[in-house]
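**Q** Would you mind keeping the following structure in view while I ask a few things?
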Amino acid sequence: MPPVLSFRTAFSSLSTTPFRSHRVAGALLLGLLASCSGTKFIPEGSKLYTGSTVKLVSNTKEKLPNEATVQADLEAVITPKPNSSILGLRPKLYFWHMGEGKTKGLGHWLADKYGEEPVLLSAVDTSRVQGLMVNRLNNDGYFQPVVHSKVVVKDRTASVDYTARVNRPYTIKEIHFPERDTLLDRDIRSTQAGTLLKEGDIYNLQTFVNERTRIDAALKNKGYYYFAPDYLLFQVDSTLNNQVNVYLKVKASIPKRAAQPYVLNRVTLNTDYTLNDTTLNKTPVMFRGYRYYPDESMFKAKAITNAVFLYPDSLYRRRRSDQTLSRLMSLGTFRYVDMQFRPARNVPDSAEYGHLNAIVRMTQVPKKSIRAELQMNTSNIFTGPAFVVQYRNRSALRGAEQLLVNANASFETGKGALSGVTSTQYGLDAQLLVPRLITPPFNIRLVNSDFQPRTFFEAGYKLVSRTQYFREDIFNLGYGYTWKTKITNEQRFQPIDLQYLRLSNTQDVFEQLLQERPFLRQSFRQQFILGSGYTYTYNQQVLEQRRNQIYFSGGLQLSGNLAYLLQNLSGVSKTTNDDGTRAYSLFGQQYSQYTQVNLEFRNYYRTSSNPTSGNKIATRLLIGAGVPYLNSSTMPYLKQYGIGGPNSVRAFNARGIGPGTYRPTDAQNESNSGFYDQVGDIRIEANAEYRQDLFPYVKGALFVDAGNVWLVNGDPSRPTYDENGNPDGENGQFKFNTFLKQLAIGAGAGIRIDVQFFVIRLDAAYPLVYPYKNSTFTVPSTTVPGQLDNIRANETGYKAIKLNIGIGYPF
């Protein structure tokens, strides 16, 4: 499109006579539109091709049963594609014209980057397109169609209208599978129950293609290693009245080896294959009929054969071959795995079954590795560096067990209300992943799964020290299982999840806070968590071609129930706590008892049909609830929910919302207590984000977040008030009739620098709705001792924009 400046310059030089000004301006405007529409750059005598239409007409005047599908098939064969246009304008043609005949400069760059060469009517081969349409109509069951085309010329442009006239589509009357009594024909007939061809369905060539592929896959699982879909032939009798009889046959000219099933004669496993491999020259380890190379110094033969489903002297099955490849790769110890099948020697030609030798070649990754990372942790409350070191041994016990040892240290300083407070953390944890389910006395292998199940053992210790506040020691010990039955499904069952929390070195400020907050004292109580849990995850993000992807995760955690039951039945006496409450204890320490449910729903919809496009709408819903009971009056602080921050409601500080309409007073903020107060037992959060590709490796986003946390039992030390300044009695407790009004809402925009292996995220968020009341009022000091009388809630006027820096996408 011509620069606006040149238009204004030309206009200013015209006469000021109104009639003449309008005529010339109109002429210039028409010239401008002509240049933007692209017709100005069309060679003399040529026409700009603007596209085609297809009209599908039924000769029987009946409604076509699959009209939309057939219409789409016909439109798909139309070539060439016309130049792109916006409201009749074609700016890409203008950019192409700017660089025409140039090899460098701005015009050449614009033409190369944004230009588009004109598509002329002379490039349209209507005869070829008509032939393709006839072919597609035959494939869709419309035999003997007639297709006409008509060129429509308008000024310097031209379009083509296609009309396809069809009769009633043909349907399938009868389906006949091979009737011979050969082994191959019998095996083909045995697959008939799953046929894609149905009597009464409209004839469709693609369905026949899919049926051949289906039968071939079934035969591959019956030992027919050398069979191919092309060896199947469909004979169609279309002499009936708009019906066809289908006869499935095997071509007479197929090779003999394709007509017989094969059994595995010898299976060789090479766990140390390289390009210059000489391993097979050594003497193998014989184990369960396998020839195992090179030896068991790296992997025990038992560990590898547990992931192999190709058995010597068994029928070849492609399903077992694919399963073996998937299982071996999921061990995490091999960089590459491939399989070769070769005919075995000395097998008589008269044998009904052939014999194959299988060789499975595996290339190892290094057994041991160490990785160090220097990180910068930043949030709305603390910021500072962190150092993480991870050691990995990929066959710690010679059974492909992965041992991971992580050591980390961080030093963070507080911001805002917590300025001057330092938080130091040190942690050490270890995890052993065993590639099988350890379930004595049973030997469970999940033989129908493509994915390697695992048993995990984990232990860890973390020290958290906050100057002016406390020191906390956290010990954990766990044992459980993870397994997948499909690529989209994963389950995790952890029967043992033990944690021990020990609070020490509490300072006066924190002790005073605990005295004022009985609920908080209960949350930080030195205690055992005798937990177990189950989590189910369904994730369609692994299906990259899907335009709409769903993610769901649901988890259930229990703690203390078995211990409480046993102690209650055995008549053990309860101990008295410092606050006068009575509870059961273990080794002199109270243990927590609760049930917690966590649900997460996500949906990713790609707005473009291009599977590589990053333009999508992402949404998330988080629902969590923890209910303490019997031996506990509150959830452990470690298990409570906080909301806000870079990966949550981004317009508010981390743990800066709730519970309910509770808001720390200025006095509480001065004592740095707000960070600990604003947690709850129930969480509801919703997020929506539109993501748009901007430039290579750069994406933009617009988002809106909403959420809050609440308590199962109200906390009088965290009072909430109505708009008149009177206590509303909820004290952060969840109420069905008010929780929607208490959601904090924020919106904003962000930039993501996505270089595939990591993402740096910059978000700016603005608070739209605060959970507390939109007014300023005074609370009598007698009602809330120790708090300032003046509580300012969501003051009107300017609200600060919250800037967030994060690594990775928020969800």
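Just remember, in the structure tokens the first chain shown is A, the second B, etc., residues are 1-based per chain, and ligands are 1-based in the order shown.
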Which residues of region 180-232 of chain A sit at most 7 Å from region 251-275 of chain A, using only C-alpha atoms? Give each one's shortest atom pair and distance in Å (one decimal place), in chain and ascending residue order, as a tab-separated table.
**A**
```
residue	atom	partner	partner_atom	distance
A:Leu184	CA	A:Ala259	CA	6.1
A:Lys222	CA	A:Pro261	CA	6.7
A:Gly223	CA	A:Pro261	CA	4.2
A:Tyr224	CA	A:Pro261	CA	4.3
A:Tyr225	CA	A:Tyr262	CA	6.6
A:Tyr226	CA	A:Ala258	CA	4.6
A:Phe227	CA	A:Ala258	CA	4.5
A:Tyr231	CA	A:Lys251	CA	5.5
A:Leu232	CA	A:Lys251	CA	6.1
```
**Q** Which residues, written as a ChimeraX atom specification, have at least one atom at most 12 Å from Leu328 (chain A), with only C-alpha atoms counted and residues fewer than 6 positions away on the same chain left out?
**A** /A:269-271,303-309,321-322,334-339,360-364,400,435,450-453
**Q** So that I have them on file, write out the residues from the current selection with N, CA and C atoms, as a compact mmCIF listing (two decimals), in the first residue's frame.
**A**
```
# COMPACT_ATOMS: atom_id res chain seq x y z
N LEU A 269 20.20 -59.88 22.31
CA LEU A 269 20.14 -58.57 22.95
C LEU A 269 21.55 -58.03 23.10
N ASN A 270 21.80 -56.88 22.49
CA ASN A 270 23.12 -56.24 22.58
C ASN A 270 22.94 -54.90 23.29
N THR A 271 23.36 -54.82 24.55
CA THR A 271 23.12 -53.62 25.35
C THR A 271 24.23 -52.57 25.22
N ALA A 303 17.23 -57.70 34.31
CA ALA A 303 16.63 -56.37 34.27
C ALA A 303 16.25 -55.98 32.85
N ILE A 304 17.10 -56.30 31.87
CA ILE A 304 16.81 -55.93 30.49
C ILE A 304 15.74 -56.83 29.89
N THR A 305 15.81 -58.13 30.15
CA THR A 305 14.81 -59.03 29.58
C THR A 305 13.42 -58.78 30.15
N ASN A 306 13.33 -58.17 31.33
CA ASN A 306 12.01 -57.81 31.86
C ASN A 306 11.32 -56.76 31.01
N ALA A 307 12.10 -56.01 30.24
CA ALA A 307 11.54 -54.99 29.35
C ALA A 307 11.43 -55.46 27.91
N VAL A 308 11.72 -56.74 27.65
CA VAL A 308 11.68 -57.31 26.30
C VAL A 308 10.50 -58.26 26.20
N PHE A 309 9.70 -58.11 25.13
CA PHE A 309 8.51 -58.93 24.93
C PHE A 309 8.61 -59.76 23.65
N SER A 321 6.82 -56.25 19.33
CA SER A 321 8.03 -55.56 18.86
C SER A 321 7.99 -54.08 19.22
N ASP A 322 6.85 -53.44 18.95
CA ASP A 322 6.70 -52.02 19.30
C ASP A 322 6.76 -51.81 20.81
N PHE A 334 19.20 -45.77 27.62
CA PHE A 334 19.67 -45.96 26.24
C PHE A 334 19.33 -44.74 25.39
N ARG A 335 20.29 -44.36 24.57
CA ARG A 335 20.09 -43.24 23.67
C ARG A 335 19.33 -43.69 22.42
N TYR A 336 19.66 -44.84 21.90
CA TYR A 336 18.99 -45.39 20.71
C TYR A 336 18.71 -46.87 20.94
N VAL A 337 17.61 -47.32 20.36
CA VAL A 337 17.26 -48.74 20.34
C VAL A 337 16.69 -49.06 18.97
N ASP A 338 17.18 -50.11 18.33
CA ASP A 338 16.57 -50.56 17.09
C ASP A 338 16.54 -52.08 17.05
N MET A 339 15.73 -52.61 16.12
CA MET A 339 15.55 -54.06 16.01
C MET A 339 15.69 -54.48 14.56
N VAL A 360 18.23 -57.12 18.86
CA VAL A 360 17.86 -55.85 19.47
C VAL A 360 19.15 -55.14 19.87
N ARG A 361 19.37 -53.96 19.28
CA ARG A 361 20.62 -53.23 19.51
C ARG A 361 20.32 -51.97 20.32
N MET A 362 21.09 -51.79 21.39
CA MET A 362 20.88 -50.68 22.31
C MET A 362 22.18 -49.90 22.48
N THR A 363 22.09 -48.57 22.32
CA THR A 363 23.24 -47.69 22.51
C THR A 363 23.06 -46.95 23.83
N GLN A 364 24.01 -47.08 24.71
CA GLN A 364 23.88 -46.54 26.06
C GLN A 364 24.15 -45.04 26.12
N ALA A 400 19.31 -51.26 35.79
CA ALA A 400 18.74 -50.07 35.15
C ALA A 400 17.99 -49.20 36.15
N PRO A 435 12.96 -49.99 37.68
CA PRO A 435 12.10 -50.17 36.50
C PRO A 435 11.25 -51.44 36.54
N ASP A 450 2.76 -50.22 27.01
CA ASP A 450 3.98 -49.88 26.27
C ASP A 450 5.00 -49.17 27.14
N PHE A 451 4.66 -48.88 28.38
CA PHE A 451 5.50 -48.01 29.20
C PHE A 451 5.98 -48.75 30.44
N GLN A 452 7.21 -48.49 30.79
CA GLN A 452 7.85 -49.19 31.88
C GLN A 452 7.32 -48.72 33.23
N PRO A 453 6.69 -49.58 34.01
CA PRO A 453 6.27 -49.17 35.36
C PRO A 453 7.48 -49.04 36.28
```
**Q** Enter the distance from CA of Gly808 (chain A) to CA of Phe758 (chain A), in Å, rounded to one decimal.
**A**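 Separation of CA of Gly808 (chain A) and CA of Phe758 (chain A): 6.6 Å.
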**Q** Restricting the calculation to only C-alpha atoms: of A:Glu373, A:Asp677, A:Glu117, A:Asp754, which residue gets closest to Gly614 (chain A)?
**A**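 Looking at the shortest contact to Gly614 (chain A), the residue is A:Asp754.
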**Q** Determine the nearest neighbour of Ser592 (chain A) from the options A:Thr634, A:Gln567, A:Ser410, A:Asn476, counting only C-alpha atoms.
**A**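 Answer, going by the shortest atom-to-atom distance: A:Thr634.
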